>>> print(open('target.pdb').read())   # PDB, C-alpha atoms, pLDDT in the B column
ATOM      1  CA  MET A   1      91.188  64.843  90.446  1.00 49.00           C
ATOM      2  CA  SER A   2      94.794  65.226  89.257  1.00 55.00           C
ATOM      3  CA  ASN A   3      98.113  63.482  88.869  1.00 82.00           C
ATOM      4  CA  ALA A   4     100.549  64.671  91.515  1.00 93.00           C
ATOM      5  CA  ALA A   5     104.291  64.858  90.901  1.00 97.00           C
ATOM      6  CA  VAL A   6     107.304  66.162  92.801  1.00 98.00           C
ATOM      7  CA  TYR A   7     108.786  69.474  91.648  1.00 98.00           C
ATOM      8  CA  LYS A   8     111.723  71.650  92.686  1.00 98.00           C
ATOM      9  CA  LEU A   9     110.864  75.332  93.269  1.00 98.00           C
ATOM     10  CA  LYS A  10     112.953  78.404  94.034  1.00 98.00           C
ATOM     11  CA  LEU A  11     111.960  81.230  96.357  1.00 98.00           C
ATOM     12  CA  LEU A  12     111.092  84.448  94.508  1.00 98.00           C
ATOM     13  CA  HIS A  13     109.631  86.601  97.258  1.00 98.00           C
ATOM     14  CA  SER A  14     108.577  86.480 100.906  1.00 98.00           C
ATOM     15  CA  GLU A  15     106.535  88.983 102.859  1.00 98.00           C
ATOM     16  CA  ASN A  16     105.017  89.598 106.263  1.00 98.00           C
ATOM     17  CA  LEU A  17     101.336  90.074 105.447  1.00 97.00           C
ATOM     18  CA  VAL A  18     100.077  91.077 108.879  1.00 97.00           C
ATOM     19  CA  LYS A  19     101.177  90.237 112.430  1.00 95.00           C
ATOM     20  CA  ASP A  20     102.201  86.523 112.382  1.00 96.00           C
ATOM     21  CA  TYR A  21     101.098  85.750 108.806  1.00 98.00           C
ATOM     22  CA  TYR A  22     103.694  85.354 106.033  1.00 98.00           C
ATOM     23  CA  LEU A  23     103.537  84.587 102.326  1.00 98.00           C
ATOM     24  CA  PHE A  24     106.133  82.888 100.146  1.00 98.00           C
ATOM     25  CA  ASP A  25     106.176  82.985  96.335  1.00 98.00           C
ATOM     26  CA  PHE A  26     108.078  80.323  94.397  1.00 99.00           C
ATOM     27  CA  THR A  27     108.821  79.617  90.766  1.00 98.00           C
ATOM     28  CA  LYS A  28     106.041  77.783  88.967  1.00 98.00           C
ATOM     29  CA  PRO A  29     107.144  74.638  87.114  1.00 97.00           C
ATOM     30  CA  GLU A  30     106.615  74.752  83.380  1.00 96.00           C
ATOM     31  CA  GLY A  31     103.357  73.064  82.437  1.00 95.00           C
ATOM     32  CA  PHE A  32     102.175  72.713  86.049  1.00 97.00           C
ATOM     33  CA  THR A  33      98.413  73.111  86.448  1.00 96.00           C
ATOM     34  CA  PHE A  34      96.070  72.595  89.347  1.00 96.00           C
ATOM     35  CA  VAL A  35      92.498  73.159  90.418  1.00 95.00           C
ATOM     36  CA  ASN A  36      92.104  76.305  92.502  1.00 96.00           C
ATOM     37  CA  GLY A  37      91.764  75.201  96.127  1.00 96.00           C
ATOM     38  CA  GLN A  38      94.189  72.270  95.978  1.00 96.00           C
ATOM     39  CA  PHE A  39      97.331  71.884  98.097  1.00 97.00           C
ATOM     40  CA  GLY A  40     100.872  70.539  97.972  1.00 97.00           C
ATOM     41  CA  VAL A  41     103.291  68.865 100.362  1.00 97.00           C
ATOM     42  CA  PHE A  42     106.489  70.876 100.739  1.00 98.00           C
ATOM     43  CA  GLY A  43     109.998  70.055 101.923  1.00 98.00           C
ATOM     44  CA  LEU A  44     113.126  72.174 102.378  1.00 98.00           C
ATOM     45  CA  ILE A  45     115.964  71.206 100.048  1.00 98.00           C
ATOM     46  CA  GLY A  46     119.492  71.289 101.468  1.00 96.00           C
ATOM     47  CA  GLU A  47     118.346  71.820 105.049  1.00 96.00           C
ATOM     48  CA  GLU A  48     118.556  69.530 108.069  1.00 96.00           C
ATOM     49  CA  VAL A  49     115.163  69.946 109.700  1.00 97.00           C
ATOM     50  CA  GLU A  50     114.419  68.825 113.240  1.00 97.00           C
ATOM     51  CA  GLY A  51     111.002  67.235 113.643  1.00 95.00           C
ATOM     52  CA  ARG A  52     108.590  66.939 110.740  1.00 94.00           C
ATOM     53  CA  LYS A  53     110.400  67.409 107.450  1.00 96.00           C
ATOM     54  CA  LEU A  54     107.348  67.793 105.204  1.00 97.00           C
ATOM     55  CA  ARG A  55     104.433  70.205 105.542  1.00 96.00           C
ATOM     56  CA  ALA A  56     101.166  70.493 103.636  1.00 96.00           C
ATOM     57  CA  PHE A  57     100.268  73.988 102.432  1.00 97.00           C
ATOM     58  CA  SER A  58      97.320  75.125 100.351  1.00 97.00           C
ATOM     59  CA  ILE A  59      98.288  76.772  97.085  1.00 98.00           C
ATOM     60  CA  ALA A  60      97.138  80.340  97.630  1.00 98.00           C
ATOM     61  CA  SER A  61      97.915  81.481  94.081  1.00 98.00           C
ATOM     62  CA  THR A  62      95.515  80.843  91.230  1.00 96.00           C
ATOM     63  CA  ASN A  63      96.224  78.458  88.389  1.00 96.00           C
ATOM     64  CA  GLU A  64      96.496  81.516  86.108  1.00 94.00           C
ATOM     65  CA  GLU A  65      99.197  83.287  88.152  1.00 96.00           C
ATOM     66  CA  SER A  66     102.845  82.832  87.152  1.00 97.00           C
ATOM     67  CA  PHE A  67     104.107  81.749  90.586  1.00 98.00           C
ATOM     68  CA  ILE A  68     103.280  79.274  93.345  1.00 98.00           C
ATOM     69  CA  ARG A  69     102.211  81.064  96.524  1.00 98.00           C
ATOM     70  CA  ILE A  70     101.824  79.606  99.967  1.00 98.00           C
ATOM     71  CA  ALA A  71     101.125  81.410 103.228  1.00 98.00           C
ATOM     72  CA  THR A  72     101.320  80.355 106.832  1.00 97.00           C
ATOM     73  CA  ARG A  73     101.149  81.625 110.382  1.00 96.00           C
ATOM     74  CA  ILE A  74     104.529  81.703 112.121  1.00 97.00           C
ATOM     75  CA  LEU A  75     104.371  82.370 115.844  1.00 95.00           C
ATOM     76  CA  PRO A  76     107.315  83.216 118.123  1.00 94.00           C
ATOM     77  CA  ALA A  77     109.444  80.098 118.801  1.00 94.00           C
ATOM     78  CA  PRO A  78     108.166  78.264 115.706  1.00 96.00           C
ATOM     79  CA  SER A  79     108.973  74.751 114.551  1.00 96.00           C
ATOM     80  CA  ASP A  80     112.380  74.222 112.983  1.00 98.00           C
ATOM     81  CA  PHE A  81     110.689  73.824 109.576  1.00 98.00           C
ATOM     82  CA  LYS A  82     108.907  77.166 109.798  1.00 97.00           C
ATOM     83  CA  GLN A  83     111.950  78.951 111.192  1.00 98.00           C
ATOM     84  CA  LYS A  84     114.075  77.746 108.278  1.00 98.00           C
ATOM     85  CA  LEU A  85     111.327  78.704 105.842  1.00 98.00           C
ATOM     86  CA  LEU A  86     111.202  82.179 107.384  1.00 98.00           C
ATOM     87  CA  ASP A  87     114.997  82.507 107.137  1.00 97.00           C
ATOM     88  CA  MET A  88     115.200  81.263 103.540  1.00 98.00           C
ATOM     89  CA  LYS A  89     117.081  83.510 101.115  1.00 98.00           C
ATOM     90  CA  LEU A  90     115.854  84.309  97.629  1.00 98.00           C
ATOM     91  CA  GLY A  91     116.737  81.392  95.373  1.00 98.00           C
ATOM     92  CA  GLY A  92     116.416  78.905  98.223  1.00 98.00           C
ATOM     93  CA  GLU A  93     114.868  75.625  97.096  1.00 98.00           C
ATOM     94  CA  VAL A  94     111.882  73.592  98.219  1.00 98.00           C
ATOM     95  CA  SER A  95     110.290  70.415  96.953  1.00 98.00           C
ATOM     96  CA  MET A  96     106.570  70.335  96.197  1.00 98.00           C
ATOM     97  CA  ASN A  97     104.446  67.222  95.755  1.00 98.00           C
ATOM     98  CA  ALA A  98     101.312  68.533  94.039  1.00 98.00           C
ATOM     99  CA  PRO A  99      98.546  68.995  93.173  1.00 97.00           C
ATOM    100  CA  LEU A 100      96.624  67.184  95.901  1.00 96.00           C
ATOM    101  CA  GLY A 101      93.101  67.344  97.329  1.00 95.00           C
ATOM    102  CA  ASP A 102      89.598  67.921  96.039  1.00 94.00           C
ATOM    103  CA  PHE A 103      88.644  71.202  97.737  1.00 95.00           C
ATOM    104  CA  SER A 104      87.383  73.109  94.701  1.00 94.00           C
ATOM    105  CA  LEU A 105      84.713  75.515  93.511  1.00 92.00           C
ATOM    106  CA  ASN A 106      81.392  74.278  92.131  1.00 90.00           C
ATOM    107  CA  GLU A 107      80.702  76.942  89.515  1.00 86.00           C
ATOM    108  CA  ALA A 108      77.046  75.995  89.122  1.00 87.00           C
ATOM    109  CA  TYR A 109      76.139  77.289  92.601  1.00 91.00           C
ATOM    110  CA  GLY A 110      76.643  80.449  94.583  1.00 93.00           C
ATOM    111  CA  ALA A 111      79.161  80.237  97.397  1.00 95.00           C
ATOM    112  CA  VAL A 112      79.560  81.123 101.044  1.00 98.00           C
ATOM    113  CA  PHE A 113      83.238  80.968 101.944  1.00 98.00           C
ATOM    114  CA  ILE A 114      84.083  80.641 105.644  1.00 98.00           C
ATOM    115  CA  ALA A 115      87.756  81.130 106.490  1.00 98.00           C
ATOM    116  CA  GLY A 116      89.421  80.841 109.869  1.00 96.00           C
ATOM    117  CA  GLY A 117      92.722  82.756 109.916  1.00 96.00           C
ATOM    118  CA  ILE A 118      95.220  81.201 107.507  1.00 96.00           C
ATOM    119  CA  GLY A 119      92.334  79.142 106.116  1.00 96.00           C
ATOM    120  CA  ILE A 120      91.916  82.030 103.679  1.00 97.00           C
ATOM    121  CA  THR A 121      94.716  80.588 101.480  1.00 97.00           C
ATOM    122  CA  PRO A 122      92.760  78.090  99.332  1.00 97.00           C
ATOM    123  CA  ILE A 123      89.795  80.463  99.355  1.00 97.00           C
ATOM    124  CA  ARG A 124      91.990  83.233  97.923  1.00 97.00           C
ATOM    125  CA  SER A 125      92.823  80.868  95.073  1.00 96.00           C
ATOM    126  CA  MET A 126      89.130  80.268  94.391  1.00 95.00           C
ATOM    127  CA  LEU A 127      88.080  83.907  94.815  1.00 94.00           C
ATOM    128  CA  LEU A 128      90.641  85.237  92.355  1.00 93.00           C
ATOM    129  CA  SER A 129      90.240  82.396  89.860  1.00 90.00           C
ATOM    130  CA  LYS A 130      89.504  83.050  86.216  1.00 78.00           C
ATOM    131  CA  GLN A 131      86.460  80.775  86.191  1.00 68.00           C
ATOM    132  CA  ARG A 132      84.880  82.678  89.087  1.00 76.00           C
ATOM    133  CA  SER A 133      85.660  86.131  87.664  1.00 72.00           C
ATOM    134  CA  GLN A 134      84.057  85.173  84.347  1.00 72.00           C
ATOM    135  CA  SER A 135      80.845  83.918  85.944  1.00 73.00           C
ATOM    136  CA  SER A 136      77.876  86.056  86.931  1.00 73.00           C
ATOM    137  CA  ARG A 137      77.599  85.609  90.693  1.00 80.00           C
ATOM    138  CA  ASN A 138      77.674  87.369  94.033  1.00 87.00           C
ATOM    139  CA  ASP A 139      79.265  85.336  96.794  1.00 94.00           C
ATOM    140  CA  THR A 140      79.837  85.813 100.523  1.00 97.00           C
ATOM    141  CA  LEU A 141      83.067  85.578 102.512  1.00 97.00           C
ATOM    142  CA  ILE A 142      82.927  85.171 106.278  1.00 98.00           C
ATOM    143  CA  PHE A 143      86.435  85.825 107.583  1.00 98.00           C
ATOM    144  CA  SER A 144      87.130  84.919 111.209  1.00 98.00           C
ATOM    145  CA  GLU A 145      90.365  85.805 113.012  1.00 97.00           C
ATOM    146  CA  LEU A 146      90.388  86.101 116.780  1.00 93.00           C
ATOM    147  CA  ASP A 147      92.852  89.013 116.893  1.00 95.00           C
ATOM    148  CA  GLY A 148      91.355  90.881 113.951  1.00 95.00           C
ATOM    149  CA  ASN A 149      94.397  90.250 111.728  1.00 97.00           C
ATOM    150  CA  TYR A 150      93.131  89.302 108.262  1.00 97.00           C
ATOM    151  CA  PRO A 151      95.731  88.104 105.704  1.00 98.00           C
ATOM    152  CA  PHE A 152      94.967  89.114 102.092  1.00 97.00           C
ATOM    153  CA  LYS A 153      92.335  91.573 103.396  1.00 97.00           C
ATOM    154  CA  SER A 154      93.141  94.391 100.948  1.00 96.00           C
ATOM    155  CA  GLU A 155      93.189  91.963  98.044  1.00 95.00           C
ATOM    156  CA  VAL A 156      89.801  90.350  98.623  1.00 95.00           C
ATOM    157  CA  GLU A 157      88.224  93.741  99.349  1.00 96.00           C
ATOM    158  CA  LYS A 158      88.935  94.740  95.744  1.00 93.00           C
ATOM    159  CA  LEU A 159      86.510  92.079  94.481  1.00 90.00           C
ATOM    160  CA  VAL A 160      83.273  93.853  93.598  1.00 82.00           C
ATOM    161  CA  ASP A 161      81.140  90.695  93.476  1.00 88.00           C
ATOM    162  CA  LEU A 162      81.860  89.600  97.024  1.00 93.00           C
ATOM    163  CA  ASP A 163      80.124  90.458 100.300  1.00 96.00           C
ATOM    164  CA  ILE A 164      82.664  90.284 103.150  1.00 97.00           C
ATOM    165  CA  LEU A 165      81.733  89.795 106.787  1.00 98.00           C
ATOM    166  CA  TYR A 166      84.529  90.005 109.370  1.00 98.00           C
ATOM    167  CA  ALA A 167      84.373  88.443 112.825  1.00 97.00           C
ATOM    168  CA  ALA A 168      87.074  88.734 115.489  1.00 94.00           C
ATOM    169  CA  ASP A 169      85.725  86.377 118.142  1.00 92.00           C
ATOM    170  CA  VAL A 170      83.860  83.089 118.531  1.00 93.00           C
ATOM    171  CA  GLU A 171      80.371  84.400 119.265  1.00 96.00           C
ATOM    172  CA  PRO A 172      80.351  86.999 116.447  1.00 95.00           C
ATOM    173  CA  THR A 173      81.589  84.302 114.051  1.00 97.00           C
ATOM    174  CA  GLN A 174      78.823  81.921 115.065  1.00 97.00           C
ATOM    175  CA  SER A 175      76.202  84.671 114.871  1.00 97.00           C
ATOM    176  CA  VAL A 176      77.074  85.769 111.338  1.00 98.00           C
ATOM    177  CA  ILE A 177      77.246  82.151 110.145  1.00 98.00           C
ATOM    178  CA  ILE A 178      73.789  81.403 111.529  1.00 98.00           C
ATOM    179  CA  GLN A 179      72.358  84.529 109.883  1.00 98.00           C
ATOM    180  CA  THR A 180      73.985  83.613 106.575  1.00 98.00           C
ATOM    181  CA  ALA A 181      72.753  80.012 106.736  1.00 98.00           C
ATOM    182  CA  LEU A 182      69.198  81.180 107.413  1.00 97.00           C
ATOM    183  CA  LYS A 183      69.449  83.576 104.459  1.00 97.00           C
ATOM    184  CA  HIS A 184      70.897  81.236 101.836  1.00 97.00           C
ATOM    185  CA  LYS A 185      69.719  77.866 103.194  1.00 97.00           C
ATOM    186  CA  ASN A 186      70.768  75.021 100.858  1.00 98.00           C
ATOM    187  CA  ASP A 187      70.783  77.158  97.724  1.00 96.00           C
ATOM    188  CA  VAL A 188      74.578  77.644  97.869  1.00 96.00           C
ATOM    189  CA  PHE A 189      77.693  75.651  98.664  1.00 97.00           C
ATOM    190  CA  TYR A 190      79.511  76.381 101.922  1.00 98.00           C
ATOM    191  CA  TYR A 191      83.322  76.239 101.743  1.00 98.00           C
ATOM    192  CA  LEU A 192      85.037  75.895 105.134  1.00 98.00           C
ATOM    193  CA  SER A 193      88.780  76.273 105.606  1.00 97.00           C
ATOM    194  CA  GLY A 194      90.860  76.514 108.756  1.00 95.00           C
ATOM    195  CA  SER A 195      92.065  74.434 111.684  1.00 93.00           C
ATOM    196  CA  PRO A 196      90.339  71.068 112.316  1.00 94.00           C
ATOM    197  CA  GLY A 197      88.609  72.506 115.394  1.00 94.00           C
ATOM    198  CA  PHE A 198      87.339  75.503 113.434  1.00 95.00           C
ATOM    199  CA  VAL A 199      86.124  73.416 110.491  1.00 96.00           C
ATOM    200  CA  ASN A 200      84.418  70.767 112.629  1.00 96.00           C
ATOM    201  CA  GLY A 201      82.725  73.386 114.791  1.00 96.00           C
ATOM    202  CA  ILE A 202      81.422  75.394 111.828  1.00 97.00           C
ATOM    203  CA  LYS A 203      80.301  72.250 109.999  1.00 97.00           C
ATOM    204  CA  ALA A 204      78.269  71.200 113.047  1.00 98.00           C
ATOM    205  CA  LEU A 205      76.828  74.718 113.395  1.00 98.00           C
ATOM    206  CA  LEU A 206      75.709  74.758 109.761  1.00 98.00           C
ATOM    207  CA  GLU A 207      74.074  71.341 110.073  1.00 98.00           C
ATOM    208  CA  GLN A 208      72.293  72.459 113.254  1.00 98.00           C
ATOM    209  CA  ASN A 209      70.831  75.304 111.211  1.00 98.00           C
ATOM    210  CA  GLY A 210      69.457  73.168 108.396  1.00 98.00           C
ATOM    211  CA  ILE A 211      72.383  72.923 105.974  1.00 98.00           C
ATOM    212  CA  VAL A 212      72.730  69.405 104.561  1.00 98.00           C
ATOM    213  CA  LYS A 213      76.196  67.877 104.500  1.00 97.00           C
ATOM    214  CA  GLU A 214      76.083  67.572 100.705  1.00 97.00           C
ATOM    215  CA  GLN A 215      76.235  71.395 100.478  1.00 97.00           C
ATOM    216  CA  ILE A 216      79.311  71.682 102.708  1.00 98.00           C
ATOM    217  CA  LYS A 217      82.876  71.406 101.406  1.00 97.00           C
ATOM    218  CA  PHE A 218      85.806  71.718 103.780  1.00 95.00           C
ATOM    219  CA  ASP A 219      89.581  71.817 104.021  1.00 90.00           C
ATOM    220  CA  ALA A 220      90.955  71.154 107.512  1.00 82.00           C
ATOM    221  CA  PHE A 221      94.571  72.268 108.069  1.00 77.00           C
ATOM    222  CA  ILE A 222      95.876  69.245 109.968  1.00 69.00           C
ATOM    223  CA  GLY A 223      99.351  69.892 111.365  1.00 56.00           C
ATOM    224  CA  TYR A 224     100.361  72.400 108.734  1.00 53.00           C
TER     225      TYR A 224
END
>>> encode(input="target.pdb", output="structure tokens")
Amino acid sequence: MSNAAVYKLKLLHSENLVKDYYLFDFTKPEGFTFVNGQFGVFGLIGEEVEGRKLRAFSIASTNEESFIRIATRILPAPSDFKQKLLDMKLGGEVSMNAPLGDFSLNEAYGAVFIAGGIGITPIRSMLLSKQRSQSSRNDTLIFSELDGNYPFKSEVEKLVDLDILYAADVEPTQSVIIQTALKHKNDVFYYLSGSPGFVNGIKALLEQNGIVKEQIKFDAFIGY
């Protein structure tokens, strides 16, 4: 879908979104473009990192925004990579190999977005994209987070053409997905984003309720 290259970025801003969720904004390379929903592979420049030295993060910003945004969940006693990312000072440098992936919006169809926790990041990019805002559509976002902590909640709630359904446990999540699948059937695309367990479970649930695999797009966060 695109030609990836390696870029050097500098940290502009970091923020604790809610509970264990953090965002990081970096400089955007001149001329860099991507398809909303794609990801990059990031490394920390000038840091000795124990364990895995590269991490894949969805690009949470839109192609139209002037920065590169990523977000992640950082629990107590995190990996050395995430701890150093959390401690990074403004101006700190990272490498980014991007854009990668083919998780993207099909503008010809309505959409049901299903995000598990930090899986909201590529969906934020799609939801706030110029091509979606200029189209006449009303989409649905199902946002699942077991502790009821929803990153980017205030931002997505400002979108007037989006129905948002929150679920803070497994059974409520499954229930609202089944209801939505029965309502929209195969007339929309279903965009799943979250941990591999979340994505595989929701994909199976949709197929059990009549959704064909051709209408399901997914982005599984493997070892992010």
>>> closest_residue(input="target.pdb", among="A:Phe113, A:Tyr7, A:Phe221, A:Tyr21", to="Ser58 in chain A", atoms="all atoms listed in the file")
A:Phe221
>>> resolve_selection(input="target.pdb", expression="the PyMOL selection byres ((chain A and resi 175) around 12)", output="PDB file with C-alpha atoms, in the coordinates of the input")
ATOM      1  CA  ILE A 142      82.927  85.171 106.278  1.00 98.00           C
ATOM      2  CA  SER A 144      87.130  84.919 111.209  1.00 98.00           C
ATOM      3  CA  LEU A 165      81.733  89.795 106.787  1.00 98.00           C
ATOM      4  CA  TYR A 166      84.529  90.005 109.370  1.00 98.00           C
ATOM      5  CA  ALA A 167      84.373  88.443 112.825  1.00 97.00           C
ATOM      6  CA  ALA A 168      87.074  88.734 115.489  1.00 94.00           C
ATOM      7  CA  ASP A 169      85.725  86.377 118.142  1.00 92.00           C
ATOM      8  CA  VAL A 170      83.860  83.089 118.531  1.00 93.00           C
ATOM      9  CA  GLU A 171      80.371  84.400 119.265  1.00 96.00           C
ATOM     10  CA  PRO A 172      80.351  86.999 116.447  1.00 95.00           C
ATOM     11  CA  THR A 173      81.589  84.302 114.051  1.00 97.00           C
ATOM     12  CA  GLN A 174      78.823  81.921 115.065  1.00 97.00           C
ATOM     13  CA  VAL A 176      77.074  85.769 111.338  1.00 98.00           C
ATOM     14  CA  ILE A 177      77.246  82.151 110.145  1.00 98.00           C
ATOM     15  CA  ILE A 178      73.789  81.403 111.529  1.00 98.00           C
ATOM     16  CA  GLN A 179      72.358  84.529 109.883  1.00 98.00           C
ATOM     17  CA  THR A 180      73.985  83.613 106.575  1.00 98.00           C
ATOM     18  CA  ALA A 181      72.753  80.012 106.736  1.00 98.00           C
ATOM     19  CA  LEU A 182      69.198  81.180 107.413  1.00 97.00           C
ATOM     20  CA  ILE A 202      81.422  75.394 111.828  1.00 97.00           C
ATOM     21  CA  LEU A 205      76.828  74.718 113.395  1.00 98.00           C
ATOM     22  CA  LEU A 206      75.709  74.758 109.761  1.00 98.00           C
ATOM     23  CA  ASN A 209      70.831  75.304 111.211  1.00 98.00           C
TER      24      ASN A 209
END
>>> resolve_selection(input="target.pdb", expression="the PyMOL selection byres ((chain A and resi 201) around 12)", output="list in words")
Ile114, Gly116, Val170, Thr173, Gln174, Ile177, Leu192, Ser193, Gly194, Ser195, Pro196, Gly197, Phe198, Val199, Asn200, Ile202, Lys203, Ala204, Leu205, Leu206, Glu207, Gln208, Phe218 and Ala220 of chain A
>>> residues_around(input="target.pdb", residues="Val112 in chain A", least_positions_apart="4", cutoff="10 Å", atoms="all atoms listed in the file", output="VMD selection string")
chain A and resid 138 to 142 162 to 164 177 180 to 181 184 188 to 192 216
>>> atom_distance(input="target.pdb", atom1="CA of Phe67 in chain A", atom2="CA of Asp147 in chain A")
29.5 Å
>>> resolve_selection(input="target.pdb", expression="the PyMOL selection byres ((chain A and resi 68) around 12)", output="MDAnalysis selection string")
chainID A and resid 7:14 23:30 32:34 36 38:40 42 57:67 69:71 94:96 98:99 121 125
>>> axis_aligned_box(input="target.pdb", around="range 52-67 of chain A", padding_each_side="8 Å", output="JSON")
{"center_x": 103.0, "center_y": 75.1, "center_z": 98.4, "size_x": 30.9, "size_y": 32.3, "size_z": 40.6}
>>> atom_distance(input="target.pdb", atom1="CA of Ala111 in chain A", atom2="CA of Arg73 in chain A")
25.6 Å
>>> closest_residue(input="target.pdb", among="A:Gly148, A:Gly119, A:Gly31, A:Gly110", to="Lys185 in chain A", atoms="all atoms listed in the file")
A:Gly110
>>> closest_residue(input="target.pdb", among="A:Glu48, A:Glu15, A:Glu145, A:Asp102", to="Ile118 in chain A", atoms="all atoms listed in the file")
A:Glu145
>>> atom_distance(input="target.pdb", atom1="CA of Leu17 in chain A", atom2="CA of Ser79 in chain A")
19.4 Å
>>> closest_residue(input="target.pdb", among="A:Pro151, A:Gly91, A:Gly210, A:Pro78", to="Val18 in chain A", atoms="all atoms listed in the file")
A:Pro151
>>> closest_residue(input="target.pdb", among="A:Ala77, A:Val49, A:Ala108, A:Leu159", to="Ser135 in chain A", atoms="all atoms listed in the file")
A:Ala108
>>> closest_residue(input="target.pdb", among="A:Asn16, A:Thr72, A:Asn106, A:Asn97", to="Ile120 in chain A", atoms="only C-alpha atoms")
A:Thr72
>>> residues_near_point(input="target.pdb", point="(98.8, 64.7, 90.7)", cutoff="7 Å", atoms="all atoms listed in the file", output="PyMOL selection string")
chain A and resi 2-5+98-100
>>> decode(input="target.pdb", residues="range 38-97 of chain A", atoms="C-alpha atoms", output="PDB file, in the first residue's frame")
ATOM      1  CA  GLN A  38      -1.369   2.317   9.356  1.00  0.00           C
ATOM      2  CA  PHE A  39       1.456   1.785  11.856  1.00  0.00           C
ATOM      3  CA  GLY A  40       5.194   2.245  12.283  1.00  0.00           C
ATOM      4  CA  VAL A  41       8.035   0.424  14.010  1.00  0.00           C
ATOM      5  CA  PHE A  42       9.764   2.644  16.558  1.00  0.00           C
ATOM      6  CA  GLY A  43      13.160   2.574  18.247  1.00  0.00           C
ATOM      7  CA  LEU A  44      14.771   4.789  20.888  1.00  0.00           C
ATOM      8  CA  ILE A  45      17.796   6.704  19.620  1.00  0.00           C
ATOM      9  CA  GLY A  46      20.743   7.080  21.995  1.00  0.00           C
ATOM     10  CA  GLU A  47      19.351   4.655  24.563  1.00  0.00           C
ATOM     11  CA  GLU A  48      20.574   1.222  25.627  1.00  0.00           C
ATOM     12  CA  VAL A  49      17.376  -0.794  25.865  1.00  0.00           C
ATOM     13  CA  GLU A  50      17.166  -4.139  27.627  1.00  0.00           C
ATOM     14  CA  GLY A  51      15.007  -6.675  25.820  1.00  0.00           C
ATOM     15  CA  ARG A  52      13.186  -5.814  22.615  1.00  0.00           C
ATOM     16  CA  LYS A  53      14.634  -2.682  21.059  1.00  0.00           C
ATOM     17  CA  LEU A  54      11.892  -2.034  18.496  1.00  0.00           C
ATOM     18  CA  ARG A  55       8.148  -1.707  19.047  1.00  0.00           C
ATOM     19  CA  ALA A  56       5.257  -1.425  16.608  1.00  0.00           C
ATOM     20  CA  PHE A  57       2.764   1.356  17.328  1.00  0.00           C
ATOM     21  CA  SER A  58      -0.274   2.430  15.344  1.00  0.00           C
ATOM     22  CA  ILE A  59      -0.148   6.021  14.161  1.00  0.00           C
ATOM     23  CA  ALA A  60      -2.961   7.604  16.143  1.00  0.00           C
ATOM     24  CA  SER A  61      -2.732  10.981  14.397  1.00  0.00           C
ATOM     25  CA  THR A  62      -4.373  11.587  11.045  1.00  0.00           C
ATOM     26  CA  ASN A  63      -2.450  12.144   7.842  1.00  0.00           C
ATOM     27  CA  GLU A  64      -3.673  15.767   7.932  1.00  0.00           C
ATOM     28  CA  GLU A  65      -2.314  16.550  11.418  1.00  0.00           C
ATOM     29  CA  SER A  66       1.100  18.213  11.723  1.00  0.00           C
ATOM     30  CA  PHE A  67       2.605  15.680  14.146  1.00  0.00           C
ATOM     31  CA  ILE A  68       3.036  11.927  14.540  1.00  0.00           C
ATOM     32  CA  ARG A  69       1.091  10.626  17.535  1.00  0.00           C
ATOM     33  CA  ILE A  70       1.363   7.250  19.166  1.00  0.00           C
ATOM     34  CA  ALA A  71      -0.273   6.035  22.364  1.00  0.00           C
ATOM     35  CA  THR A  72       0.292   3.027  24.547  1.00  0.00           C
ATOM     36  CA  ARG A  73      -0.630   1.457  27.853  1.00  0.00           C
ATOM     37  CA  ILE A  74       2.179   1.566  30.412  1.00  0.00           C
ATOM     38  CA  LEU A  75       1.567  -0.511  33.517  1.00  0.00           C
ATOM     39  CA  PRO A  76       3.593  -0.407  36.751  1.00  0.00           C
ATOM     40  CA  ALA A  77       6.976  -2.152  36.287  1.00  0.00           C
ATOM     41  CA  PRO A  78       6.917  -1.773  32.488  1.00  0.00           C
ATOM     42  CA  SER A  79       9.430  -3.039  29.957  1.00  0.00           C
ATOM     43  CA  ASP A  80      12.694  -1.136  29.708  1.00  0.00           C
ATOM     44  CA  PHE A  81      11.565   0.250  26.327  1.00  0.00           C
ATOM     45  CA  LYS A  82       8.334   1.672  27.715  1.00  0.00           C
ATOM     46  CA  GLN A  83      10.004   3.016  30.843  1.00  0.00           C
ATOM     47  CA  LYS A  84      12.555   4.905  28.751  1.00  0.00           C
ATOM     48  CA  LEU A  85       9.793   6.166  26.474  1.00  0.00           C
ATOM     49  CA  LEU A  86       7.873   7.395  29.519  1.00  0.00           C
ATOM     50  CA  ASP A  87      10.991   9.131  30.876  1.00  0.00           C
ATOM     51  CA  MET A  88      11.929  10.760  27.561  1.00  0.00           C
ATOM     52  CA  LYS A  89      12.509  14.517  27.669  1.00  0.00           C
ATOM     53  CA  LEU A  90      11.179  16.911  25.060  1.00  0.00           C
ATOM     54  CA  GLY A  91      13.498  16.792  22.063  1.00  0.00           C
ATOM     55  CA  GLY A  92      14.369  13.152  22.699  1.00  0.00           C
ATOM     56  CA  GLU A  93      14.731  11.180  19.474  1.00  0.00           C
ATOM     57  CA  VAL A  94      13.140   8.029  18.113  1.00  0.00           C
ATOM     58  CA  SER A  95      13.418   6.200  14.826  1.00  0.00           C
ATOM     59  CA  MET A  96      10.278   5.319  12.882  1.00  0.00           C
ATOM     60  CA  ASN A  97      10.034   2.797  10.056  1.00  0.00           C
TER      61      ASN A  97
END
